[in-house]
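Peer 1: Supplied structure: run.tsv, TSV, C-alpha atoms.
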```
chain	number	residue	atom	x	y	z
A	12	MET	CA	116.98	94.03	-13.30
A	13	ARG	CA	114.19	93.97	-10.71
A	14	LEU	CA	116.50	95.27	-8.04
A	15	GLY	CA	117.91	97.89	-10.38
A	16	ASP	CA	114.41	99.05	-11.30
A	17	SER	CA	113.39	99.40	-7.67
A	18	CYS	CA	116.49	101.47	-6.93
A	19	LEU	CA	115.92	103.60	-10.01
A	20	ILE	CA	112.31	104.43	-9.23
A	21	MET	CA	113.12	105.17	-5.59
A	22	ALA	CA	115.96	107.41	-6.69
A	23	HIS	CA	113.53	109.30	-8.89
A	24	ARG	CA	111.04	109.69	-6.06
A	25	GLN	CA	113.80	110.90	-3.78
A	26	SER	CA	115.00	113.39	-6.39
A	27	GLU	CA	111.49	114.84	-6.31
A	28	MET	CA	112.12	115.67	-2.65
A	29	CYS	CA	114.67	118.23	-3.79
A	30	SER	CA	113.57	121.62	-2.42
A	31	LYS	CA	110.64	119.94	-0.65
A	32	GLY	CA	112.38	118.74	2.52
A	33	PRO	CA	111.15	120.09	5.87
A	34	PHE	CA	114.40	122.05	6.29
A	35	LEU	CA	117.56	122.58	4.30
A	36	GLU	CA	119.73	119.89	5.91
A	37	GLU	CA	117.00	117.30	5.49
A	38	ASP	CA	116.45	118.39	1.93
A	39	ILE	CA	120.08	117.56	1.26
A	40	ALA	CA	119.76	114.29	3.17
A	41	GLN	CA	116.73	113.18	1.17
A	42	THR	CA	118.40	113.88	-2.15
A	43	ASN	CA	121.59	112.18	-0.95
A	44	LEU	CA	119.56	109.06	-0.24
A	45	GLY	CA	118.36	109.32	-3.83
A	46	LEU	CA	121.90	109.74	-5.09
A	47	ASP	CA	123.09	106.54	-3.40
A	48	LEU	CA	120.13	104.68	-4.87
A	49	LEU	CA	120.77	106.09	-8.32
A	50	GLY	CA	124.36	104.89	-8.12
A	51	GLN	CA	123.21	101.42	-7.11
A	52	ALA	CA	120.59	101.42	-9.88
A	53	GLU	CA	123.20	102.42	-12.44
A	54	ALA	CA	125.64	99.70	-11.43
A	55	LEU	CA	122.90	97.07	-11.36
A	56	LEU	CA	121.34	98.06	-14.68
A	57	ILE	CA	124.71	98.23	-16.46
A	58	TYR	CA	125.29	94.67	-15.31
A	59	ALA	CA	121.72	93.58	-16.16
A	60	ALA	CA	122.11	94.93	-19.71
A	61	GLU	CA	125.42	93.10	-20.06
A	62	LEU	CA	123.98	89.78	-18.84
A	63	GLU	CA	120.95	90.16	-21.06
A	64	GLY	CA	123.25	90.27	-24.08
A	65	LYS	CA	120.71	91.88	-26.39
A	66	GLY	CA	122.93	94.80	-27.22
A	67	ARG	CA	121.02	97.15	-24.95
A	68	VAL	CA	122.84	99.42	-22.52
A	69	ALA	CA	121.65	100.71	-19.14
A	70	ASP	CA	120.29	103.90	-20.69
A	71	ASP	CA	118.11	101.86	-23.06
A	72	LEU	CA	116.69	99.99	-20.10
A	73	VAL	CA	115.92	103.21	-18.27
A	74	TYR	CA	114.62	105.38	-21.08
A	75	LYS	CA	113.16	103.00	-23.62
A	76	ARG	CA	111.16	100.43	-21.74
A	77	PRO	CA	107.39	100.83	-21.40
A	78	GLU	CA	105.65	100.57	-18.05
A	79	ARG	CA	104.82	96.89	-18.34
A	80	ASP	CA	108.51	96.06	-18.74
A	81	PHE	CA	109.46	97.71	-15.45
A	82	TYR	CA	109.76	95.39	-12.46
A	83	ASN	CA	110.19	97.74	-9.52
A	84	PHE	CA	108.06	97.06	-6.44
A	85	MET	CA	104.83	99.03	-6.28
A	86	LEU	CA	105.95	100.39	-2.92
A	87	THR	CA	108.83	102.22	-4.57
A	88	GLU	CA	106.58	104.16	-6.96
A	89	GLN	CA	104.18	105.45	-4.30
A	90	PRO	CA	104.15	109.24	-4.30
A	91	ASN	CA	105.60	111.66	-1.75
A	92	THR	CA	102.11	112.49	-0.51
A	93	ASP	CA	103.80	114.14	2.43
A	94	PHE	CA	107.17	113.82	4.14
A	95	ALA	CA	105.94	110.91	6.27
A	96	PHE	CA	105.10	108.87	3.16
A	97	ALA	CA	108.58	109.37	1.77
A	98	VAL	CA	110.13	108.40	5.12
A	99	VAL	CA	108.03	105.27	5.64
A	100	ARG	CA	108.43	104.08	2.04
A	101	GLN	CA	112.19	104.51	2.11
A	102	PHE	CA	112.54	103.05	5.60
A	103	ILE	CA	110.78	99.82	4.68
A	104	MET	CA	112.73	99.58	1.42
A	105	ALA	CA	116.02	100.25	3.21
A	106	LEU	CA	115.34	97.32	5.54
A	107	TYR	CA	114.51	95.13	2.55
A	108	LEU	CA	117.52	96.23	0.50
A	109	GLY	CA	119.84	95.78	3.47
A	110	LYS	CA	118.90	92.11	3.66
A	111	VAL	CA	119.08	91.64	-0.13
A	112	TYR	CA	122.54	93.22	-0.42
A	113	GLU	CA	123.80	91.32	2.62
A	114	THR	CA	122.93	88.07	0.81
A	115	LEU	CA	124.30	89.22	-2.56
A	116	ALA	CA	127.57	90.35	-0.98
A	117	LYS	CA	128.39	86.66	-0.40
A	118	VAL	CA	127.60	85.25	-3.86
A	119	ASP	CA	130.19	83.86	-6.21
A	120	ASP	CA	129.90	86.67	-8.75
A	121	ASP	CA	132.47	89.41	-8.39
A	122	THR	CA	130.43	92.17	-10.02
A	123	LEU	CA	127.28	91.50	-8.05
A	124	SER	CA	129.00	90.91	-4.74
A	125	GLY	CA	131.10	94.02	-5.33
A	126	ILE	CA	128.05	96.21	-5.93
A	127	ALA	CA	126.33	94.67	-2.90
A	128	THR	CA	129.30	95.04	-0.54
A	129	LYS	CA	129.40	98.72	-1.38
A	130	ALA	CA	125.63	99.22	-1.26
A	131	VAL	CA	125.25	97.51	2.09
A	132	LYS	CA	127.31	100.27	3.72
A	133	GLU	CA	125.15	102.95	2.16
A	134	ILE	CA	121.87	101.26	2.99
A	135	THR	CA	122.88	100.74	6.62
A	136	TYR	CA	123.28	104.48	6.85
A	137	HIS	CA	119.86	104.99	5.22
A	138	GLN	CA	118.29	102.66	7.78
A	139	LEU	CA	119.75	104.73	10.61
A	140	HIS	CA	118.63	108.03	9.17
A	141	LEU	CA	115.14	106.95	8.13
A	142	GLY	CA	114.65	104.96	11.32
A	143	MET	CA	115.45	108.12	13.25
A	144	TRP	CA	112.71	109.95	11.32
A	145	VAL	CA	110.10	107.24	11.87
A	146	LYS	CA	110.74	107.56	15.62
A	147	ARG	CA	110.93	111.32	15.57
A	148	LEU	CA	107.63	111.67	13.72
A	149	GLY	CA	105.87	108.85	15.56
A	150	ASP	CA	106.96	110.09	18.94
A	151	GLY	CA	106.63	113.77	18.00
A	152	THR	CA	103.50	115.90	18.00
A	153	GLN	CA	99.99	114.60	17.61
A	154	GLU	CA	100.00	115.90	14.04
A	155	SER	CA	103.24	114.16	13.07
A	156	HIS	CA	102.14	110.97	14.83
A	157	GLU	CA	98.88	110.89	12.90
A	158	ARG	CA	100.54	111.61	9.58
A	159	VAL	CA	103.20	108.94	9.91
A	160	GLN	CA	100.59	106.43	11.10
A	161	THR	CA	98.48	107.24	8.03
A	162	ALA	CA	101.52	106.70	5.81
A	163	VAL	CA	102.21	103.31	7.44
A	164	ASN	CA	98.56	102.26	7.10
A	165	GLU	CA	98.25	103.31	3.49
A	166	LEU	CA	101.55	101.84	2.33
A	167	TRP	CA	101.10	98.59	4.21
A	168	MET	CA	99.31	96.76	1.36
A	169	PHE	CA	102.44	97.06	-0.77
A	170	VAL	CA	104.74	95.31	1.71
A	171	GLY	CA	103.57	91.83	0.70
A	172	GLU	CA	105.40	92.04	-2.61
A	173	LEU	CA	108.73	92.24	-0.85
A	174	TYR	CA	108.44	88.62	0.25
A	175	GLU	CA	106.30	87.23	-2.56
A	176	GLU	CA	108.00	84.50	-4.60
A	177	ASP	CA	107.80	83.57	-8.24
A	178	GLU	CA	109.72	81.00	-10.28
A	179	LEU	CA	112.69	83.26	-10.76
A	180	ASP	CA	112.92	83.88	-7.00
A	181	LEU	CA	112.92	80.15	-6.35
A	182	LYS	CA	115.72	79.64	-8.87
A	183	MET	CA	117.69	82.45	-7.28
A	184	GLN	CA	117.16	80.91	-3.86
A	185	GLU	CA	118.50	77.61	-5.05
A	186	ALA	CA	121.60	79.35	-6.34
A	187	GLY	CA	121.99	81.19	-3.02
A	188	TYR	CA	121.33	84.63	-4.47
A	189	THR	CA	118.36	85.40	-2.29
A	190	ILE	CA	116.72	84.26	0.92
A	191	SER	CA	113.30	82.61	0.97
A	192	GLY	CA	110.12	84.63	1.03
A	193	ASN	CA	109.29	83.24	4.45
A	194	LYS	CA	112.61	84.31	5.87
A	195	MET	CA	112.25	87.76	4.35
A	196	LYS	CA	108.73	88.06	5.71
A	197	ALA	CA	109.84	87.06	9.20
A	198	TYR	CA	112.77	89.48	9.06
A	199	LEU	CA	110.76	92.45	7.80
A	200	THR	CA	107.81	91.86	10.11
A	201	ALA	CA	110.05	91.62	13.16
A	202	LYS	CA	112.13	94.69	12.24
A	203	ILE	CA	109.23	96.89	11.23
A	204	SER	CA	107.03	95.89	14.18
A	205	ALA	CA	109.78	96.52	16.71
A	206	HIS	CA	110.57	99.89	15.20
A	207	LEU	CA	106.95	101.04	14.92
A	208	THR	CA	106.27	100.02	18.51
A	209	GLU	CA	109.30	101.97	19.67
A	210	ALA	CA	108.03	104.97	17.70
A	211	THR	CA	104.68	104.63	19.57
A	212	LEU	CA	103.01	103.65	16.30
A	213	SER	CA	100.74	100.69	15.77
A	214	VAL	CA	101.43	97.89	13.35
A	215	PRO	CA	98.57	97.63	10.83
A	216	GLU	CA	96.42	94.54	10.97
A	217	ALA	CA	96.77	92.00	8.20
A	218	VAL	CA	95.40	93.43	4.98
A	219	TYR	CA	95.06	92.11	1.46
A	220	MET	CA	98.47	92.53	-0.14
A	221	THR	CA	98.54	94.00	-3.63
A	222	THR	CA	101.10	92.30	-5.83
A	223	GLY	CA	102.03	92.07	-9.49
A	224	SER	CA	105.13	94.17	-10.16
A	225	LYS	CA	107.14	91.04	-10.91
A	226	LYS	CA	104.85	90.63	-13.92
A	227	GLY	CA	105.09	94.30	-14.78
A	228	ILE	CA	101.79	95.30	-13.18
A	229	HIS	CA	101.90	98.66	-11.45
A	230	THR	CA	99.84	101.29	-9.70
A	231	GLU	CA	98.87	104.33	-11.72
A	232	TYR	CA	101.81	106.33	-10.37
A	233	LEU	CA	104.57	104.61	-12.35
A	234	GLY	CA	103.19	105.89	-15.65
A	235	TYR	CA	103.59	109.48	-14.50
A	236	ILE	CA	107.14	108.85	-13.30
A	237	LEU	CA	108.11	107.33	-16.63
A	238	ALA	CA	106.39	110.11	-18.57
A	239	GLU	CA	108.64	112.60	-16.81
A	240	MET	CA	111.79	110.49	-16.70
A	241	GLN	CA	111.63	109.32	-20.32
A	242	TYR	CA	110.28	112.50	-21.90
A	243	LEU	CA	113.52	113.73	-23.40
A	244	GLN	CA	114.54	110.41	-24.92
A	245	ARG	CA	111.03	109.86	-26.28
A	246	ALA	CA	110.80	113.33	-27.80
A	247	TYR	CA	114.38	113.41	-29.08
A	248	PRO	CA	115.48	109.77	-29.45
A	249	ASP	CA	119.16	109.17	-28.68
A	250	ALA	CA	119.72	112.80	-27.74
A	251	LYS	CA	123.08	113.20	-26.02
A	252	TRP	CA	124.56	115.82	-23.73
B	2	MET	CA	156.28	107.35	-23.30
B	3	VAL	CA	159.71	106.24	-22.17
B	4	SER	CA	160.13	102.76	-23.55
B	5	GLU	CA	163.27	101.66	-21.72
B	6	MET	CA	161.55	101.74	-18.34
B	7	SER	CA	160.44	98.53	-16.68
B	8	ASN	CA	156.72	98.06	-16.07
B	9	ALA	CA	157.16	98.60	-12.36
B	10	GLN	CA	158.98	101.87	-12.90
B	11	GLU	CA	156.45	103.03	-15.42
B	12	LYS	CA	153.61	102.10	-13.12
B	13	GLN	CA	155.21	104.18	-10.42
B	14	LEU	CA	155.52	107.08	-12.81
B	15	ILE	CA	151.85	106.81	-13.77
B	16	TYR	CA	150.85	106.76	-10.12
B	17	HIS	CA	152.91	109.88	-9.77
B	18	TYR	CA	151.03	111.55	-12.63
B	19	LEU	CA	147.72	110.49	-11.16
B	20	SER	CA	148.68	111.90	-7.79
B	21	GLU	CA	148.81	115.30	-9.47
B	22	ILE	CA	145.03	115.09	-9.93
B	23	SER	CA	143.16	116.46	-6.98
B	24	ASP	CA	139.78	115.19	-5.90
B	25	PRO	CA	137.16	117.39	-7.60
B	26	GLU	CA	135.30	117.87	-4.34
B	27	ILE	CA	138.17	118.01	-1.88
B	28	PRO	CA	140.99	119.85	-3.66
B	29	VAL	CA	143.63	119.29	-0.95
B	30	ILE	CA	143.63	115.55	-1.49
B	31	ASN	CA	144.63	113.77	-4.67
B	32	ILE	CA	142.83	110.76	-6.11
B	33	VAL	CA	145.62	108.34	-5.17
B	34	GLU	CA	145.52	109.43	-1.51
B	35	MET	CA	141.75	109.15	-1.63
B	36	GLY	CA	142.10	105.48	-2.57
B	37	VAL	CA	140.10	105.89	-5.77
B	38	VAL	CA	142.94	104.61	-8.00
B	39	ARG	CA	143.01	100.84	-7.50
B	40	ASP	CA	145.41	99.65	-10.17
B	41	VAL	CA	147.33	100.49	-13.31
B	42	LEU	CA	147.59	97.73	-15.89
B	43	PHE	CA	149.45	97.52	-19.18
B	44	HIS	CA	147.85	95.81	-22.16
B	45	ASN	CA	150.22	96.06	-25.13
B	46	LEU	CA	149.59	99.58	-26.35
B	47	LYS	CA	146.66	100.25	-24.09
B	48	LEU	CA	146.76	101.44	-20.54
B	49	GLU	CA	144.02	100.40	-18.15
B	50	ILE	CA	143.31	102.48	-15.08
B	51	ARG	CA	141.10	100.86	-12.50
B	52	LEU	CA	139.09	103.21	-10.36
B	53	THR	CA	136.63	102.56	-7.56
B	54	PRO	CA	133.83	104.95	-6.60
B	55	THR	CA	133.75	106.23	-3.02
B	56	TYR	CA	129.95	105.99	-3.07
B	57	SER	CA	127.85	104.19	-5.70
B	58	GLY	CA	126.33	107.45	-6.83
B	59	CYS	CA	129.38	109.67	-6.40
B	60	PRO	CA	128.88	112.38	-9.04
B	61	ALA	CA	132.62	113.12	-9.11
B	62	MET	CA	133.37	109.75	-10.67
B	63	ASP	CA	132.80	110.81	-14.29
B	64	MET	CA	134.85	113.92	-13.68
B	65	ILE	CA	137.71	111.87	-12.23
B	66	GLY	CA	137.62	109.61	-15.29
B	67	HIS	CA	137.91	112.63	-17.57
B	68	LEU	CA	140.74	114.12	-15.56
B	69	VAL	CA	142.69	110.85	-15.60
B	70	ARG	CA	142.33	110.56	-19.36
B	71	GLU	CA	143.31	114.18	-19.89
B	72	LYS	CA	146.34	113.95	-17.62
B	73	LEU	CA	147.65	110.76	-19.20
B	74	GLN	CA	147.08	112.04	-22.71
B	75	SER	CA	149.13	115.10	-21.88
B	76	LYS	CA	151.92	112.69	-20.88
B	77	GLY	CA	151.71	110.83	-24.18
B	78	TYR	CA	149.37	107.96	-23.33
B	79	ASP	CA	146.79	108.07	-26.09
B	80	SER	CA	144.99	104.83	-25.45
B	81	VAL	CA	143.66	104.86	-21.91
B	82	GLU	CA	140.83	102.69	-20.74
B	83	ILE	CA	139.07	103.43	-17.49
B	84	THR	CA	137.33	100.59	-15.72
B	85	LEU	CA	135.25	100.78	-12.59
B	86	VAL	CA	135.81	98.14	-9.96
B	87	TYR	CA	133.56	97.64	-6.96
B	88	LYS	CA	135.53	95.03	-5.11
B	89	PRO	CA	136.95	95.53	-2.59
B	90	ALA	CA	134.51	98.27	-1.65
B	91	TRP	CA	136.09	101.63	-0.98
B	92	THR	CA	136.71	102.40	2.65
B	93	THR	CA	138.01	105.39	4.55
B	94	ASP	CA	140.48	102.97	6.17
B	95	TRP	CA	142.63	103.35	3.04
B	96	MET	CA	143.40	106.95	3.94
B	97	SER	CA	146.79	107.42	5.54
B	98	ALA	CA	147.28	109.43	8.72
B	99	GLU	CA	148.93	112.10	6.59
B	100	THR	CA	145.87	112.30	4.32
B	101	LYS	CA	143.57	112.59	7.32
B	102	GLU	CA	145.71	115.42	8.65
B	103	LYS	CA	145.37	117.23	5.30
B	104	LEU	CA	141.63	116.94	5.59
B	105	ARG	CA	141.67	118.36	9.11
B	106	VAL	CA	143.82	121.34	8.12
B	107	TYR	CA	141.42	121.97	5.24
B	108	GLY	CA	138.53	122.12	7.72
B	109	ILE	CA	137.00	118.68	7.29
B	110	ALA	CA	137.02	116.43	10.34
B	111	PRO	CA	138.64	113.16	9.19
B	112	PRO	CA	136.93	109.80	9.77
B	113	VAL	CA	137.25	108.55	13.34
B	114	GLY	CA	138.31	104.95	13.99
B	115	THR	CA	138.14	102.20	11.43
B	116	ALA	CA	135.24	101.15	9.26
B	117	THR	CA	135.26	97.62	10.62
B	118	SER	CA	134.42	98.88	14.10
B	119	LYS	CA	131.32	100.62	12.67
B	120	LYS	CA	131.65	103.06	15.54
B	121	GLY	CA	132.40	106.08	13.39
B	122	LEU	CA	129.42	105.38	11.16
B	123	LEU	CA	127.10	105.15	14.10
B	124	ASN	CA	128.56	108.37	15.48
B	125	GLU	CA	129.42	106.74	18.76
B	126	ASP	CA	132.89	108.19	18.82
B	127	SER	CA	133.16	111.87	19.45
B	128	VAL	CA	134.27	113.89	16.46
B	129	SER	CA	136.79	116.67	17.10
B	130	CYS	CA	136.25	120.13	15.67
B	131	PRO	CA	138.84	120.71	12.91
B	132	GLN	CA	139.00	124.40	13.86
B	133	CYS	CA	139.54	124.43	17.62
B	134	GLY	CA	140.03	120.74	18.40
B	135	SER	CA	137.18	120.60	20.89
B	136	LYS	CA	135.43	117.28	21.33
B	137	ASN	CA	132.28	119.08	22.40
B	138	THR	CA	130.53	118.69	19.07
B	139	GLU	CA	127.15	117.50	17.88
B	140	ILE	CA	125.79	116.11	14.65
B	141	LYS	CA	123.48	118.50	12.82
B	142	SER	CA	122.64	116.35	9.86
B	143	MET	CA	123.70	112.86	8.84
B	144	PHE	CA	124.19	114.16	5.31
B	145	GLY	CA	126.51	117.02	4.41
B	146	SER	CA	127.63	118.82	1.28
B	147	THR	CA	128.62	115.59	-0.47
B	148	ALA	CA	127.59	111.95	-0.09
B	149	CYS	CA	130.72	111.17	1.89
B	150	LYS	CA	130.25	113.79	4.58
B	151	ALA	CA	127.97	114.64	7.50
B	152	LEU	CA	127.32	118.07	9.01
B	153	TYR	CA	128.52	118.77	12.54
B	154	LEU	CA	128.53	121.78	14.81
B	155	CYS	CA	131.22	122.62	17.36
B	156	LYS	CA	129.57	123.70	20.59
B	157	ASP	CA	132.70	125.52	21.77
B	158	CYS	CA	133.70	127.67	18.80
B	159	LEU	CA	130.22	127.43	17.26
B	160	GLU	CA	131.64	126.68	13.82
B	161	PRO	CA	129.71	124.22	11.68
B	162	PHE	CA	131.98	121.73	9.90
B	163	ASP	CA	131.93	118.69	7.63
B	164	TYR	CA	132.82	115.28	9.02
B	165	PHE	CA	134.15	112.69	6.62
B	166	LYS	CA	131.99	109.66	7.38
B	167	CYS	CA	133.83	106.51	8.30
B	168	ILE	CA	132.73	103.73	5.99
```
Can you present the structure in this file as structure tokens?

Peer 2:
Amino acid sequence: MRLGDSCLIMAHRQSEMCSKGPFLEEDIAQTNLGLDLLGQAEALLIYAAELEGKGRVADDLVYKRPERDFYNFMLTEQPNTDFAFAVVRQFIMALYLGKVYETLAKVDDDTLSGIATKAVKEITYHQLHLGMWVKRLGDGTQESHERVQTAVNELWMFVGELYEEDELDLKMQEAGYTISGNKMKAYLTAKISAHLTEATLSVPEAVYMTTGSKKGIHTEYLGYILAEMQYLQRAYPDAKW
Amino acid sequence: MVSEMSNAQEKQLIYHYLSEISDPEIPVINIVEMGVVRDVLFHNLKLEIRLTPTYSGCPAMDMIGHLVREKLQSKGYDSVEITLVYKPAWTTDWMSAETKEKLRVYGIAPPVGTATSKKGLLNEDSVSCPQCGSKNTEIKSMFGSTACKALYLCKDCLEPFDYFKCI
């Protein structure tokens, strides 16, 4: 459910990039990234609803849960302040998701490993594309360099959540469904640092990491996303196409 | 429904019906050639068709489901269940040489190499222009008109074209 929520909110953010890309081809690319994520979110939430066994379906999870019942990472809900923010946010998440799916692809659960095996191919492609942009912006003009550095600096405090652990994470680790927070931290830090350095960007110094999404705590932005995403179902409950 | 047929024969017949359905986004290829149809199973009176999405978010998936149902109903199968399977994950390796040739003739450069080599995905292999055959091409955008394609440009005949990504 957590993973599905993160994919869903990212997909929504990416869909907002529609008609706002720097040029037509990139506009299509950005929305395609969103499409892949939406597909992953759908598959994951259908399965989450089934496992939950409360008679809810994926649409109920998406359209009928209040903010406090969403468990997506705060990083995923951060707005598309400018193109660099979207690129940095998605790049970091693509690295994270790549590792998560890689682990899930090997678990003894056909549905989950099936979704992950498929998603890992898509996310690898996202990493390439977004990584290219981080370099291109970082190593571009002074303006693009400054903007992407600002995005990295401002989003940095949300990275800590990606390797934070709670009881559920520990249980999942024991069952082999996820890697430890320490391993994830080491992986992400190494990958991100190497990439930023190559893009002539500096790695932010250690900052206080904001966390809480695993308990349903969010930044102010999620409320606005949900207001837009859930409007139709809230105004006209159970409306169908 | 012809009841005196064996399951194997009937399965073959159903595959034949399904091969009459073209991919909603690439009309020259049918959904069997595309590798989307994974299995046909018989459960008493019900027919189960297993499909796999090319990409997780492929918007054509719902459409394909509808088309399958419609086609089979027109052949007398009233109870058709469509299930989505994710394993094994769809790969362009399932396309036959003949299918790839159809793509090329249609103007889409077929996937180069095999998915396991990862070379095609990383664009390390040169992609030939489906119009003039030149290998002097460059990638314009990693994402094309659909999730499964990338946009290329031929530097000889100057035609832009879609490349079917190798995954």

Peer 1: Which residues of chain A have any atom within 9 Å of an atom in chain B when counting all atoms listed in the file, and what is the closest pair of atoms for each, with the distance in Å to one decimal? Order the rows by chain and rising number and write it as JSON lines.

Peer 2:
```
{"residue": "A:Glu36", "atom": "CA", "partner": "B:Ser142", "partner_atom": "CA", "distance": 6.0}
{"residue": "A:Glu37", "atom": "CA", "partner": "B:Ser142", "partner_atom": "CA", "distance": 7.2}
{"residue": "A:Ile39", "atom": "CA", "partner": "B:Phe144", "partner_atom": "CA", "distance": 6.7}
{"residue": "A:Ala40", "atom": "CA", "partner": "B:Phe144", "partner_atom": "CA", "distance": 4.9}
{"residue": "A:Gln41", "atom": "CA", "partner": "B:Phe144", "partner_atom": "CA", "distance": 8.6}
{"residue": "A:Asn43", "atom": "CA", "partner": "B:Ala148", "partner_atom": "CA", "distance": 6.1}
{"residue": "A:Leu44", "atom": "CA", "partner": "B:Ala148", "partner_atom": "CA", "distance": 8.5}
{"residue": "A:Gly45", "atom": "CA", "partner": "B:Gly58", "partner_atom": "CA", "distance": 8.7}
{"residue": "A:Leu46", "atom": "CA", "partner": "B:Gly58", "partner_atom": "CA", "distance": 5.3}
{"residue": "A:Asp47", "atom": "CA", "partner": "B:Gly58", "partner_atom": "CA", "distance": 4.8}
{"residue": "A:Leu48", "atom": "CA", "partner": "B:Gly58", "partner_atom": "CA", "distance": 7.1}
{"residue": "A:Leu49", "atom": "CA", "partner": "B:Gly58", "partner_atom": "CA", "distance": 5.9}
{"residue": "A:Gly50", "atom": "CA", "partner": "B:Gly58", "partner_atom": "CA", "distance": 3.5}
{"residue": "A:Gln51", "atom": "CA", "partner": "B:Ser57", "partner_atom": "CA", "distance": 5.6}
{"residue": "A:Ala52", "atom": "CA", "partner": "B:Ser57", "partner_atom": "CA", "distance": 8.8}
{"residue": "A:Glu53", "atom": "CA", "partner": "B:Gly58", "partner_atom": "CA", "distance": 8.2}
{"residue": "A:Ala54", "atom": "CA", "partner": "B:Ser57", "partner_atom": "CA", "distance": 7.6}
{"residue": "A:Asp121", "atom": "CA", "partner": "B:Lys88", "partner_atom": "CA", "distance": 7.2}
{"residue": "A:Thr122", "atom": "CA", "partner": "B:Tyr87", "partner_atom": "CA", "distance": 7.0}
{"residue": "A:Leu123", "atom": "CA", "partner": "B:Tyr87", "partner_atom": "CA", "distance": 8.9}
{"residue": "A:Ser124", "atom": "CA", "partner": "B:Lys88", "partner_atom": "CA", "distance": 7.7}
{"residue": "A:Gly125", "atom": "CA", "partner": "B:Lys88", "partner_atom": "CA", "distance": 4.5}
{"residue": "A:Ile126", "atom": "CA", "partner": "B:Tyr87", "partner_atom": "CA", "distance": 5.8}
{"residue": "A:Ala127", "atom": "CA", "partner": "B:Tyr87", "partner_atom": "CA", "distance": 8.8}
{"residue": "A:Thr128", "atom": "CA", "partner": "B:Ala90", "partner_atom": "CA", "distance": 6.2}
{"residue": "A:Lys129", "atom": "CA", "partner": "B:Ala90", "partner_atom": "CA", "distance": 5.1}
{"residue": "A:Ala130", "atom": "CA", "partner": "B:Ser57", "partner_atom": "CA", "distance": 7.0}
{"residue": "A:Lys132", "atom": "CA", "partner": "B:Ile168", "partner_atom": "CA", "distance": 6.8}
{"residue": "A:Glu133", "atom": "CA", "partner": "B:Tyr56", "partner_atom": "CA", "distance": 7.7}
{"residue": "A:Tyr136", "atom": "CA", "partner": "B:Leu122", "partner_atom": "CA", "distance": 7.6}
{"residue": "A:Leu139", "atom": "CA", "partner": "B:Leu123", "partner_atom": "CA", "distance": 8.1}
{"residue": "A:His140", "atom": "CA", "partner": "B:Met143", "partner_atom": "CA", "distance": 7.0}
```

Peer 1: Pick out the closest residue to Cys130 of chain B from this set: B:Tyr164, B:Ser23, B:Ala98, B:His67. Count all atoms listed in the file.

Peer 2: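 Closest to Cys130 of chain B, using all atoms listed in the file: B:Tyr164.
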
Peer 1: Please list as a short mmCIF file (atom, residue, chain, number, x, y, z; two decimals) with C-alpha atoms, in the coordinates of the input every residue within 12 Å of Glu231 of chain A, counting only C-alpha atoms and excluding residues in the same chain fewer than 6 positions away.

Peer 2:
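For reference, part04.cif as written:
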```
data_model
loop_
_atom_site.label_atom_id
_atom_site.label_comp_id
_atom_site.auth_asym_id
_atom_site.auth_seq_id
_atom_site.Cartn_x
_atom_site.Cartn_y
_atom_site.Cartn_z
CA GLU A 78 105.65 100.57 -18.05
CA ARG A 79 104.82 96.89 -18.34
CA MET A 85 104.83 99.03 -6.28
CA LEU A 86 105.95 100.39 -2.92
CA GLU A 88 106.58 104.16 -6.96
CA GLN A 89 104.18 105.45 -4.30
CA PRO A 90 104.15 109.24 -4.30
CA LEU A 237 108.11 107.33 -16.63
CA ALA A 238 106.39 110.11 -18.57
#
```

Peer 1: Please measure the separation of atom CA of Cys133 of chain B and atom CA of Leu104 of chain B, giving the value in Å to one decimal.

Peer 2: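 These two atoms are separated by 14.3 Å.
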
Peer 1: Closest to Glu21 of chain B among B:Val69, B:Leu52, B:Leu46, B:Met62, using only C-alpha atoms?

Peer 2: B:Val69

Peer 1: To one decimal place in Å, what is the distance between atom CA of Ser17 of chain A and atom CA of Phe169 of chain A?

Peer 2: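 Value for the atom CA of Ser17 of chain A-atom CA of Phe169 of chain A distance: 13.2 Å.
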
Peer 1: Please measure the separation of atom CA of Phe162 of chain B and atom CA of Thr100 of chain B, giving the value in Å to one decimal.

Peer 2: 17.7 Å

Peer 1: Please report, as lines of an AutoDock Vina configuration file, the centre and edge lengths in Å to one decimal of an axis-aligned box covering all listed atoms of segment 162-167 of chain B with 6 Å per side.

Peer 2:
```
center_x = 133.0
center_y = 114.1
center_z = 8.3
size_x = 14.2
size_y = 27.2
size_z = 15.3
```

Peer 1: Please work out which residues fall within 7 Å of (136.7, 109.1, 10.3), coordinates as given in the file, with all atoms listed in the file counting, and return them as a PyMOL selection string.

Peer 2: chain B and resi 93+111-114+121+165-167

Peer 1: Mind checking which residues fall within 9 Å of segment 154-164 of chain A, counting all atoms listed in the file, ignoring those fewer than 2 positions away in the same chain, and posting them as an NGL selection string?

Peer 2: :A and (92-100 or 145 or 147-152 or 166-168 or 210-216)

Peer 1: Identify which of the residues A:Ile236, A:Leu106, A:Leu55, A:Val68 lies closest to Ala201 of chain A, counting all atoms listed in the file when measuring atom-to-atom distances.

Peer 2: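 Of all the options, A:Leu106 lies closest to Ala201 of chain A.
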
Peer 1: Please provide as a list of chain:residue names all residues within 10 Å of Asp40 of chain B, with the sequence filter that same-chain residues fewer than 5 positions apart are discarded (counting all atoms listed in the file).

Peer 2: B:Lys12, B:Tyr16, B:Glu49, B:Ile50, B:Arg51, B:Leu52, B:Thr53, B:Thr84, B:Val86

Peer 1: Within 12 Å of (135.1, 129.0, 24.8), in the coordinates the file gives, what residues turn up when you count only C-alpha atoms, written out as a list in words?

Peer 2: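 With a cut-off of 12 Å, the residues come to Cys133, Gly134, Ser135, Asn137, Cys155, Lys156, Asp157, Cys158, Leu159 and Glu160 of chain B.
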